[in-house]
file final.txt (compact mmCIF, N, CA and C atoms)
# COMPACT_ATOMS: atom_id res chain seq x y z
N MET L 19 4.85 -18.76 75.47
CA MET L 19 3.70 -18.59 74.60
C MET L 19 2.55 -18.02 75.41
N SER L 20 1.74 -17.20 74.79
CA SER L 20 0.59 -16.62 75.45
C SER L 20 -0.44 -17.67 75.79
N CYS L 21 -1.24 -17.34 76.74
CA CYS L 21 -2.36 -18.20 77.06
C CYS L 21 -3.30 -18.22 75.85
N ALA L 22 -3.77 -19.35 75.48
CA ALA L 22 -4.72 -19.46 74.37
C ALA L 22 -6.00 -20.05 74.92
N HIS L 23 -7.04 -19.28 74.93
CA HIS L 23 -8.31 -19.71 75.50
C HIS L 23 -9.27 -20.02 74.36
N VAL L 24 -9.73 -21.22 74.28
CA VAL L 24 -10.65 -21.61 73.21
C VAL L 24 -12.00 -21.01 73.53
N ILE L 25 -12.46 -20.07 72.68
CA ILE L 25 -13.70 -19.36 72.98
C ILE L 25 -14.90 -19.95 72.29
N GLN L 26 -14.70 -20.98 71.50
CA GLN L 26 -15.82 -21.70 70.92
C GLN L 26 -15.55 -23.17 71.07
N LYS L 27 -16.59 -23.95 71.30
CA LYS L 27 -16.40 -25.40 71.35
C LYS L 27 -16.24 -25.90 69.93
N TYR L 28 -15.45 -26.94 69.77
CA TYR L 28 -15.26 -27.50 68.45
C TYR L 28 -16.08 -28.77 68.32
N ASN L 29 -16.43 -29.11 67.08
CA ASN L 29 -17.33 -30.21 66.82
C ASN L 29 -16.63 -31.55 66.67
N THR L 30 -15.35 -31.54 66.38
CA THR L 30 -14.62 -32.79 66.16
C THR L 30 -13.32 -32.74 66.94
N LEU L 31 -12.55 -33.79 66.84
CA LEU L 31 -11.28 -33.84 67.54
C LEU L 31 -10.29 -32.83 66.95
N PRO L 32 -9.47 -32.22 67.78
CA PRO L 32 -8.47 -31.27 67.26
C PRO L 32 -7.34 -32.01 66.57
N CYS L 33 -6.66 -31.31 65.66
CA CYS L 33 -5.52 -31.93 64.98
C CYS L 33 -4.30 -31.94 65.88
N ALA L 34 -4.20 -30.96 66.77
CA ALA L 34 -3.09 -30.94 67.72
C ALA L 34 -3.44 -31.89 68.87
N PRO L 35 -2.42 -32.47 69.52
CA PRO L 35 -2.72 -33.35 70.64
C PRO L 35 -3.44 -32.60 71.75
N LEU L 36 -4.30 -33.28 72.47
CA LEU L 36 -5.08 -32.66 73.53
C LEU L 36 -4.16 -32.01 74.57
N SER L 37 -2.97 -32.57 74.76
CA SER L 37 -2.03 -32.01 75.73
C SER L 37 -1.65 -30.57 75.36
N PHE L 38 -1.62 -30.27 74.05
CA PHE L 38 -1.33 -28.90 73.61
C PHE L 38 -2.41 -27.95 74.12
N PHE L 39 -3.68 -28.35 73.97
CA PHE L 39 -4.77 -27.48 74.40
C PHE L 39 -4.79 -27.33 75.91
N ARG L 40 -4.53 -28.41 76.65
CA ARG L 40 -4.49 -28.32 78.11
C ARG L 40 -3.37 -27.40 78.57
N LYS L 41 -2.22 -27.51 77.90
CA LYS L 41 -1.06 -26.73 78.30
C LYS L 41 -1.29 -25.23 78.11
N TYR L 42 -1.96 -24.85 77.04
CA TYR L 42 -2.07 -23.43 76.71
C TYR L 42 -3.44 -22.82 76.96
N MET L 43 -4.39 -23.57 77.50
CA MET L 43 -5.69 -22.98 77.80
C MET L 43 -5.63 -22.32 79.17
N CYS L 44 -6.20 -21.16 79.28
CA CYS L 44 -6.25 -20.50 80.58
C CYS L 44 -7.47 -21.02 81.33
N PRO L 45 -7.51 -20.85 82.67
CA PRO L 45 -8.73 -21.21 83.38
C PRO L 45 -9.83 -20.29 82.90
N PRO L 46 -11.09 -20.62 83.14
CA PRO L 46 -12.15 -19.74 82.66
C PRO L 46 -11.79 -18.30 82.98
N CYS L 47 -11.68 -17.52 81.97
CA CYS L 47 -11.08 -16.18 82.06
C CYS L 47 -11.76 -15.30 83.08
N LYS L 48 -11.13 -15.18 84.23
CA LYS L 48 -11.57 -14.22 85.23
C LYS L 48 -10.99 -12.86 84.86
N LEU L 49 -9.84 -12.89 84.19
CA LEU L 49 -9.20 -11.65 83.74
C LEU L 49 -9.81 -11.25 82.41
N ARG L 50 -10.66 -10.31 82.39
CA ARG L 50 -11.29 -9.85 81.15
C ARG L 50 -10.55 -8.65 80.60
N LYS L 51 -9.24 -8.60 80.81
CA LYS L 51 -8.43 -7.45 80.42
C LYS L 51 -7.91 -7.55 79.00
N GLN L 52 -8.15 -8.63 78.28
CA GLN L 52 -7.62 -8.81 76.93
C GLN L 52 -6.10 -8.72 76.93
N THR L 53 -5.47 -9.30 77.94
CA THR L 53 -4.02 -9.25 78.00
C THR L 53 -3.38 -10.47 77.36
N HIS L 54 -4.19 -11.33 76.82
CA HIS L 54 -3.65 -12.49 76.15
C HIS L 54 -4.46 -12.80 74.91
N LEU L 55 -3.91 -13.64 74.10
CA LEU L 55 -4.50 -14.00 72.81
C LEU L 55 -5.64 -14.97 73.01
N HIS L 56 -6.76 -14.71 72.35
CA HIS L 56 -7.88 -15.65 72.35
C HIS L 56 -8.01 -16.19 70.94
N TRP L 57 -8.34 -17.46 70.84
CA TRP L 57 -8.54 -18.04 69.51
C TRP L 57 -9.54 -19.16 69.58
N SER L 58 -10.17 -19.40 68.46
CA SER L 58 -11.12 -20.51 68.38
C SER L 58 -10.80 -21.31 67.14
N LEU L 59 -11.30 -22.51 67.09
CA LEU L 59 -10.99 -23.41 65.99
C LEU L 59 -12.23 -23.76 65.19
N SER L 60 -12.03 -23.93 63.92
CA SER L 60 -13.06 -24.49 63.06
C SER L 60 -12.41 -25.70 62.40
N LEU L 61 -12.88 -26.86 62.75
CA LEU L 61 -12.21 -28.08 62.32
C LEU L 61 -13.08 -28.94 61.42
N SER L 62 -12.44 -29.75 60.62
CA SER L 62 -13.15 -30.71 59.79
C SER L 62 -12.42 -32.04 59.85
N LEU L 63 -13.00 -33.07 59.27
CA LEU L 63 -12.40 -34.39 59.29
C LEU L 63 -11.01 -34.40 58.68
N SER L 64 -10.78 -33.60 57.64
CA SER L 64 -9.46 -33.58 57.00
C SER L 64 -8.37 -33.14 57.98
N LEU L 65 -8.72 -32.34 58.97
CA LEU L 65 -7.73 -31.87 59.94
C LEU L 65 -7.30 -32.99 60.88
N ILE L 66 -8.23 -33.86 61.20
CA ILE L 66 -7.90 -34.97 62.09
C ILE L 66 -6.84 -35.85 61.45
N LEU L 67 -6.91 -36.00 60.13
CA LEU L 67 -5.98 -36.84 59.40
C LEU L 67 -4.66 -36.13 59.10
N SER L 68 -4.61 -34.83 59.33
CA SER L 68 -3.42 -34.05 59.03
C SER L 68 -2.28 -34.41 59.97
N ARG L 69 -1.13 -34.70 59.41
CA ARG L 69 0.05 -35.00 60.21
C ARG L 69 0.97 -33.78 60.28
N ARG L 70 0.86 -32.89 59.34
CA ARG L 70 1.75 -31.72 59.25
C ARG L 70 1.12 -30.54 59.96
N LYS L 71 1.82 -30.01 60.93
CA LYS L 71 1.34 -28.86 61.68
C LYS L 71 2.37 -27.74 61.56
N SER L 72 1.91 -26.52 61.54
CA SER L 72 2.82 -25.39 61.40
C SER L 72 3.71 -25.25 62.63
N LYS L 73 4.94 -24.84 62.36
CA LYS L 73 5.90 -24.60 63.44
C LYS L 73 6.82 -23.46 63.02
N SER L 74 7.55 -22.94 63.97
CA SER L 74 8.48 -21.85 63.69
C SER L 74 9.45 -22.25 62.58
N GLY L 75 9.64 -21.36 61.62
CA GLY L 75 10.52 -21.62 60.48
C GLY L 75 9.77 -22.07 59.23
N ASP L 76 8.51 -22.49 59.37
CA ASP L 76 7.71 -22.90 58.21
C ASP L 76 7.24 -21.67 57.43
N VAL L 77 7.19 -21.81 56.12
CA VAL L 77 6.60 -20.77 55.27
C VAL L 77 5.12 -21.14 55.14
N LEU L 78 4.24 -20.23 55.59
CA LEU L 78 2.80 -20.47 55.57
C LEU L 78 2.15 -19.65 54.47
N LYS L 79 1.18 -20.25 53.81
CA LYS L 79 0.36 -19.58 52.81
C LYS L 79 -1.06 -19.55 53.38
N VAL L 80 -1.58 -18.34 53.60
CA VAL L 80 -2.88 -18.19 54.28
C VAL L 80 -3.79 -17.22 53.53
N HIS L 81 -5.07 -17.37 53.79
CA HIS L 81 -6.06 -16.35 53.47
C HIS L 81 -6.55 -15.82 54.80
N TYR L 82 -6.80 -14.52 54.87
CA TYR L 82 -7.26 -13.94 56.13
C TYR L 82 -8.19 -12.77 55.87
N VAL L 83 -8.99 -12.47 56.88
CA VAL L 83 -9.81 -11.26 56.91
C VAL L 83 -9.57 -10.63 58.27
N GLY L 84 -9.16 -9.36 58.28
CA GLY L 84 -8.90 -8.64 59.52
C GLY L 84 -9.96 -7.60 59.78
N THR L 85 -10.50 -7.61 61.00
CA THR L 85 -11.52 -6.63 61.39
C THR L 85 -11.17 -6.02 62.74
N LEU L 86 -11.74 -4.87 63.02
CA LEU L 86 -11.61 -4.27 64.34
C LEU L 86 -12.58 -5.00 65.27
N TYR L 87 -12.09 -5.47 66.39
CA TYR L 87 -12.91 -6.23 67.32
C TYR L 87 -14.06 -5.38 67.87
N LYS L 88 -13.79 -4.11 68.07
CA LYS L 88 -14.76 -3.21 68.68
C LYS L 88 -16.05 -3.06 67.87
N ASN L 89 -15.90 -2.89 66.54
CA ASN L 89 -17.08 -2.62 65.72
C ASN L 89 -17.22 -3.53 64.49
N GLY L 90 -16.28 -4.45 64.29
CA GLY L 90 -16.37 -5.38 63.17
C GLY L 90 -15.98 -4.80 61.82
N LYS L 91 -15.46 -3.56 61.79
CA LYS L 91 -15.08 -2.93 60.53
C LYS L 91 -13.86 -3.64 59.93
N GLN L 92 -14.01 -4.09 58.69
CA GLN L 92 -12.91 -4.77 58.00
C GLN L 92 -11.85 -3.76 57.58
N PHE L 93 -10.59 -4.05 57.89
CA PHE L 93 -9.50 -3.16 57.49
C PHE L 93 -8.53 -3.81 56.51
N ASP L 94 -8.57 -5.14 56.38
CA ASP L 94 -7.66 -5.80 55.45
C ASP L 94 -8.19 -7.19 55.14
N SER L 95 -7.92 -7.66 53.91
CA SER L 95 -8.37 -9.00 53.53
C SER L 95 -7.58 -9.50 52.33
N SER L 96 -6.96 -10.66 52.48
CA SER L 96 -6.30 -11.29 51.33
C SER L 96 -7.35 -11.86 50.38
N ARG L 97 -8.49 -12.23 50.92
CA ARG L 97 -9.58 -12.76 50.07
C ARG L 97 -10.11 -11.68 49.12
N LYS L 98 -10.23 -10.48 49.63
CA LYS L 98 -10.71 -9.36 48.79
C LYS L 98 -9.73 -9.09 47.65
N ARG L 99 -8.44 -9.22 47.94
CA ARG L 99 -7.41 -9.03 46.91
C ARG L 99 -7.26 -10.27 46.01
N GLU L 100 -7.90 -11.37 46.43
CA GLU L 100 -7.82 -12.65 45.71
C GLU L 100 -6.39 -13.13 45.58
N GLU L 101 -5.59 -12.87 46.61
CA GLU L 101 -4.19 -13.29 46.61
C GLU L 101 -3.80 -13.74 48.02
N PRO L 102 -3.46 -15.03 48.18
CA PRO L 102 -3.05 -15.49 49.51
C PRO L 102 -1.80 -14.75 49.99
N PHE L 103 -1.66 -14.69 51.29
CA PHE L 103 -0.52 -14.05 51.93
C PHE L 103 0.46 -15.14 52.37
N GLN L 104 1.74 -14.90 52.15
CA GLN L 104 2.77 -15.88 52.46
C GLN L 104 3.81 -15.25 53.37
N PHE L 105 4.22 -15.97 54.42
CA PHE L 105 5.23 -15.46 55.35
C PHE L 105 5.89 -16.63 56.06
N THR L 106 7.01 -16.36 56.72
CA THR L 106 7.71 -17.38 57.49
C THR L 106 7.35 -17.21 58.96
N LEU L 107 6.79 -18.24 59.55
CA LEU L 107 6.39 -18.22 60.95
C LEU L 107 7.63 -18.19 61.84
N GLY L 108 7.60 -17.35 62.86
CA GLY L 108 8.72 -17.27 63.81
C GLY L 108 9.82 -16.32 63.41
N GLN L 109 9.65 -15.58 62.32
CA GLN L 109 10.68 -14.65 61.85
C GLN L 109 10.28 -13.19 62.04
N ASN L 110 9.26 -12.93 62.84
CA ASN L 110 8.76 -11.58 63.13
C ASN L 110 8.37 -10.83 61.86
N GLN L 111 7.83 -11.55 60.88
CA GLN L 111 7.34 -10.92 59.65
C GLN L 111 5.87 -10.50 59.80
N VAL L 112 5.22 -10.97 60.86
CA VAL L 112 3.82 -10.66 61.13
C VAL L 112 3.69 -10.25 62.59
N ILE L 113 2.51 -9.80 62.98
CA ILE L 113 2.30 -9.37 64.37
C ILE L 113 2.41 -10.56 65.34
N LYS L 114 2.71 -10.26 66.60
CA LYS L 114 2.90 -11.30 67.62
C LYS L 114 1.69 -12.22 67.75
N GLY L 115 0.50 -11.65 67.64
CA GLY L 115 -0.72 -12.45 67.75
C GLY L 115 -0.76 -13.57 66.72
N TRP L 116 -0.27 -13.29 65.51
CA TRP L 116 -0.20 -14.33 64.48
C TRP L 116 0.93 -15.30 64.80
N GLU L 117 2.08 -14.80 65.25
CA GLU L 117 3.22 -15.66 65.57
C GLU L 117 2.82 -16.74 66.58
N HIS L 118 2.03 -16.35 67.57
CA HIS L 118 1.59 -17.30 68.60
C HIS L 118 0.35 -18.08 68.16
N GLY L 119 -0.60 -17.39 67.57
CA GLY L 119 -1.90 -18.00 67.26
C GLY L 119 -1.91 -18.97 66.09
N LEU L 120 -0.89 -18.93 65.24
CA LEU L 120 -0.87 -19.83 64.08
C LEU L 120 0.09 -21.01 64.26
N GLN L 121 0.65 -21.16 65.45
CA GLN L 121 1.49 -22.32 65.75
C GLN L 121 0.62 -23.57 65.80
N ASN L 122 1.16 -24.71 65.39
CA ASN L 122 0.49 -26.01 65.45
C ASN L 122 -0.82 -26.03 64.67
N MET L 123 -0.87 -25.30 63.59
CA MET L 123 -2.07 -25.25 62.75
C MET L 123 -1.93 -26.26 61.62
N CYS L 124 -3.03 -26.89 61.25
CA CYS L 124 -3.05 -27.88 60.16
C CYS L 124 -3.50 -27.23 58.86
N ILE L 125 -3.08 -27.79 57.74
CA ILE L 125 -3.52 -27.32 56.44
C ILE L 125 -5.04 -27.47 56.36
N ASN L 126 -5.71 -26.47 55.83
CA ASN L 126 -7.17 -26.35 55.70
C ASN L 126 -7.87 -25.99 57.00
N GLU L 127 -7.13 -25.77 58.06
CA GLU L 127 -7.73 -25.34 59.32
C GLU L 127 -8.01 -23.84 59.26
N THR L 128 -9.08 -23.42 59.91
CA THR L 128 -9.42 -22.01 60.03
C THR L 128 -9.46 -21.65 61.50
N ARG L 129 -8.81 -20.55 61.85
CA ARG L 129 -8.83 -20.06 63.23
C ARG L 129 -9.32 -18.63 63.27
N LYS L 130 -10.04 -18.31 64.33
CA LYS L 130 -10.42 -16.92 64.58
C LYS L 130 -9.55 -16.45 65.74
N LEU L 131 -8.77 -15.41 65.48
CA LEU L 131 -7.87 -14.86 66.49
C LEU L 131 -8.41 -13.51 66.96
N VAL L 132 -8.51 -13.33 68.25
CA VAL L 132 -8.83 -12.03 68.84
C VAL L 132 -7.55 -11.57 69.51
N ILE L 133 -6.96 -10.51 68.97
CA ILE L 133 -5.61 -10.12 69.35
C ILE L 133 -5.61 -8.75 70.04
N PRO L 134 -5.14 -8.71 71.30
CA PRO L 134 -5.07 -7.43 72.00
C PRO L 134 -4.01 -6.54 71.36
N SER L 135 -4.13 -5.25 71.58
CA SER L 135 -3.25 -4.28 70.91
C SER L 135 -1.77 -4.54 71.17
N GLU L 136 -1.42 -4.99 72.38
CA GLU L 136 0.00 -5.20 72.66
C GLU L 136 0.59 -6.38 71.89
N MET L 137 -0.26 -7.22 71.29
CA MET L 137 0.22 -8.30 70.44
C MET L 137 -0.06 -8.00 68.96
N ALA L 138 -0.51 -6.75 68.71
CA ALA L 138 -0.82 -6.33 67.34
C ALA L 138 0.02 -5.09 67.01
N TYR L 139 -0.63 -3.94 66.89
CA TYR L 139 0.08 -2.72 66.48
C TYR L 139 0.30 -1.73 67.62
N GLY L 140 -0.11 -2.08 68.82
CA GLY L 140 0.16 -1.28 70.01
C GLY L 140 -0.36 0.14 69.96
N THR L 141 0.42 1.04 70.52
CA THR L 141 0.01 2.44 70.62
C THR L 141 0.20 3.21 69.32
N VAL L 142 0.84 2.59 68.33
CA VAL L 142 1.14 3.26 67.06
C VAL L 142 -0.02 3.18 66.08
N GLY L 143 -0.66 2.02 65.99
CA GLY L 143 -1.69 1.81 64.97
C GLY L 143 -1.03 1.59 63.61
N THR L 144 -1.84 1.61 62.55
CA THR L 144 -1.32 1.44 61.19
C THR L 144 -2.06 2.35 60.23
N PRO L 145 -1.54 2.50 59.03
CA PRO L 145 -2.25 3.29 58.03
C PRO L 145 -3.51 2.59 57.50
N LEU L 146 -3.75 1.34 57.90
CA LEU L 146 -4.90 0.59 57.41
C LEU L 146 -6.15 0.85 58.25
N ASP L 147 -6.33 2.03 58.78
CA ASP L 147 -7.47 2.39 59.62
C ASP L 147 -7.51 1.63 60.94
N VAL L 148 -6.35 1.15 61.39
CA VAL L 148 -6.27 0.52 62.70
C VAL L 148 -5.69 1.57 63.63
N GLY L 149 -6.51 2.06 64.53
CA GLY L 149 -6.05 3.09 65.45
C GLY L 149 -5.17 2.54 66.55
N ALA L 150 -4.66 3.44 67.36
CA ALA L 150 -3.83 3.06 68.49
C ALA L 150 -4.64 2.23 69.48
N ASN L 151 -3.97 1.27 70.09
CA ASN L 151 -4.57 0.42 71.14
C ASN L 151 -5.79 -0.37 70.68
N ALA L 152 -5.84 -0.73 69.41
CA ALA L 152 -7.00 -1.46 68.87
C ALA L 152 -6.84 -2.96 69.07
N THR L 153 -7.91 -3.59 69.54
CA THR L 153 -7.99 -5.05 69.58
C THR L 153 -8.49 -5.50 68.21
N LEU L 154 -7.84 -6.51 67.65
CA LEU L 154 -8.15 -6.96 66.29
C LEU L 154 -8.74 -8.36 66.29
N ALA L 155 -9.54 -8.65 65.29
CA ALA L 155 -10.07 -10.01 65.09
C ALA L 155 -9.69 -10.44 63.67
N TYR L 156 -9.10 -11.60 63.57
CA TYR L 156 -8.72 -12.16 62.27
C TYR L 156 -9.34 -13.53 62.12
N VAL L 157 -9.81 -13.82 60.93
CA VAL L 157 -10.16 -15.19 60.55
C VAL L 157 -9.09 -15.61 59.57
N VAL L 158 -8.32 -16.64 59.94
CA VAL L 158 -7.16 -17.08 59.15
C VAL L 158 -7.35 -18.54 58.74
N GLU L 159 -7.22 -18.79 57.45
CA GLU L 159 -7.26 -20.15 56.92
C GLU L 159 -5.88 -20.53 56.41
N LEU L 160 -5.34 -21.63 56.89
CA LEU L 160 -4.04 -22.10 56.43
C LEU L 160 -4.23 -22.91 55.16
N LEU L 161 -3.74 -22.38 54.04
CA LEU L 161 -3.88 -23.03 52.74
C LEU L 161 -2.80 -24.07 52.50
N ASP L 162 -1.57 -23.75 52.93
CA ASP L 162 -0.46 -24.66 52.66
C ASP L 162 0.71 -24.33 53.57
N ILE L 163 1.54 -25.34 53.82
CA ILE L 163 2.81 -25.18 54.50
C ILE L 163 3.86 -25.50 53.44
N LEU L 164 4.65 -24.50 53.07
CA LEU L 164 5.60 -24.68 51.96
C LEU L 164 6.98 -25.11 52.47

call {"tool": "encode", "arguments": {"input": "final.txt", "output": "structure tokens"}}
result
Amino acid sequence: MSCAHVIQKYNTLPCAPLSFFRKYMCPPCKLRKQTHLHWSLSLSLSLILSRRKSKSGDVLKVHYVGTLYKNGKQFDSSRKREEPFQFTLGQNQVIKGWEHGLQNMCINETRKLVIPSEMAYGTVGTPLDVGANATLAYVVELLDIL
């Protein structure tokens, strides 16, 4: 799994065990190369009580907003379409940044993922105005684990 560096402090206890965060947090990033996934958490009391966490093989129902990290331009949003996005985690149905960044997520949790191009669309880009080698930022809310 990629290094996951928490880029914002959280206000309450995480839903995942603290050992998870210690295991996957990088030391204060001396490497500013964006070679790994960065993510932050937005937590609430309901998350602390959550016993169900996402894992490989789970079908996740999420809302998300995708922007270009460089300039903040929105290129995709399930909220704008008013239709949640559903996929199976661990089945390569989504980009690598999501496969890694949405592991151990609780229902109603929101994460901000900053995903380097090699964990997103790489040198190819997409027809959604995502150019080659673009770093992406997603805000993802887990609505349900089906």

call {"tool": "atom_distance", "arguments": {"input": "final.txt", "atom1": "CA of Phe103 (chain L)", "atom2": "atom C of Thr85 (chain L)"}}
result
17.2 Å

call {"tool": "residues_around", "arguments": {"input": "final.txt", "residues": "Ser72 (chain L)", "least_positions_apart": "2", "cutoff": "8 Å", "atoms": "all atoms listed in the file", "output": "ChimeraX atom specification"}}
result
/L:69-70,74-78,107,120-125,163

call {"tool": "closest_residue", "arguments": {"input": "final.txt", "among": "L:Lys73, L:Tyr82, L:Ser96, L:Pro102", "to": "Glu159 (chain L)", "atoms": "only N, CA and C atoms"}}
result
L:Tyr82

call {"tool": "residues_around", "arguments": {"input": "final.txt", "residues": "Glu101 (chain L)", "least_positions_apart": "3", "cutoff": "12 Å", "atoms": "only C-alpha atoms", "output": "PDB file with N, CA and C atoms, keeping the file's coordinate frame"}}
result
ATOM      1  N   LYS L  79       1.180 -20.250  53.810  1.00  0.00           N
ATOM      2  CA  LYS L  79       0.360 -19.580  52.810  1.00  0.00           C
ATOM      3  C   LYS L  79      -1.060 -19.550  53.380  1.00  0.00           C
ATOM      4  N   VAL L  80      -1.580 -18.340  53.600  1.00  0.00           N
ATOM      5  CA  VAL L  80      -2.880 -18.190  54.280  1.00  0.00           C
ATOM      6  C   VAL L  80      -3.790 -17.220  53.530  1.00  0.00           C
ATOM      7  N   HIS L  81      -5.070 -17.370  53.790  1.00  0.00           N
ATOM      8  CA  HIS L  81      -6.060 -16.350  53.470  1.00  0.00           C
ATOM      9  C   HIS L  81      -6.550 -15.820  54.800  1.00  0.00           C
ATOM     10  N   TYR L  82      -6.800 -14.520  54.870  1.00  0.00           N
ATOM     11  CA  TYR L  82      -7.260 -13.940  56.130  1.00  0.00           C
ATOM     12  C   TYR L  82      -8.190 -12.770  55.870  1.00  0.00           C
ATOM     13  N   VAL L  83      -8.990 -12.470  56.880  1.00  0.00           N
ATOM     14  CA  VAL L  83      -9.810 -11.260  56.910  1.00  0.00           C
ATOM     15  C   VAL L  83      -9.570 -10.630  58.270  1.00  0.00           C
ATOM     16  N   SER L  95      -7.920  -7.660  53.910  1.00  0.00           N
ATOM     17  CA  SER L  95      -8.370  -9.000  53.530  1.00  0.00           C
ATOM     18  C   SER L  95      -7.580  -9.500  52.330  1.00  0.00           C
ATOM     19  N   SER L  96      -6.960 -10.660  52.480  1.00  0.00           N
ATOM     20  CA  SER L  96      -6.300 -11.290  51.330  1.00  0.00           C
ATOM     21  C   SER L  96      -7.350 -11.860  50.380  1.00  0.00           C
ATOM     22  N   ARG L  97      -8.490 -12.230  50.920  1.00  0.00           N
ATOM     23  CA  ARG L  97      -9.580 -12.760  50.070  1.00  0.00           C
ATOM     24  C   ARG L  97     -10.110 -11.680  49.120  1.00  0.00           C
ATOM     25  N   LYS L  98     -10.230 -10.480  49.630  1.00  0.00           N
ATOM     26  CA  LYS L  98     -10.710  -9.360  48.790  1.00  0.00           C
ATOM     27  C   LYS L  98      -9.730  -9.090  47.650  1.00  0.00           C
ATOM     28  N   GLN L 104       1.740 -14.900  52.150  1.00  0.00           N
ATOM     29  CA  GLN L 104       2.770 -15.880  52.460  1.00  0.00           C
ATOM     30  C   GLN L 104       3.810 -15.250  53.370  1.00  0.00           C
ATOM     31  N   LEU L 161      -3.740 -22.380  54.040  1.00  0.00           N
ATOM     32  CA  LEU L 161      -3.880 -23.030  52.740  1.00  0.00           C
ATOM     33  C   LEU L 161      -2.800 -24.070  52.500  1.00  0.00           C
TER      34      LEU L 161
END

call {"tool": "atom_distance", "arguments": {"input": "final.txt", "atom1": "CA of Thr128 (chain L)", "atom2": "atom N of Lys71 (chain L)"}}
result
13.8 Å

call {"tool": "atom_distance", "arguments": {"input": "final.txt", "atom1": "atom N of Lys88 (chain L)", "atom2": "atom C of Asp162 (chain L)"}}
result
28.8 Å

call {"tool": "select_by_dssp", "arguments": {"input": "final.txt", "residues": "region 78-158 of chain L", "states": "helix (DSSP H, G or I)", "output": "list in words"}}
result
Ser96, Arg97, Lys98, Arg99, Lys114, Gly115, Trp116, Glu117, His118, Gly119, Ser135, Glu136 and Met137 of chain L

call {"tool": "closest_residue", "arguments": {"input": "final.txt", "among": "L:Phe93, L:Gln111, L:Phe105, L:Ala152", "to": "Val132 (chain L)", "atoms": "only C-alpha atoms"}}
result
L:Ala152

call {"tool": "residues_around", "arguments": {"input": "final.txt", "residues": "Tyr156 (chain L)", "least_positions_apart": "6", "cutoff": "10 Å", "atoms": "only C-alpha atoms", "output": "list in words"}}
result
Trp57, Tyr82, Val83, Gly84, Thr85, Leu86, Tyr87, Gln92, Asp94, Ser95, Gly115, Trp116, Arg129, Lys130, Leu131, Val132 and Ile133 of chain L
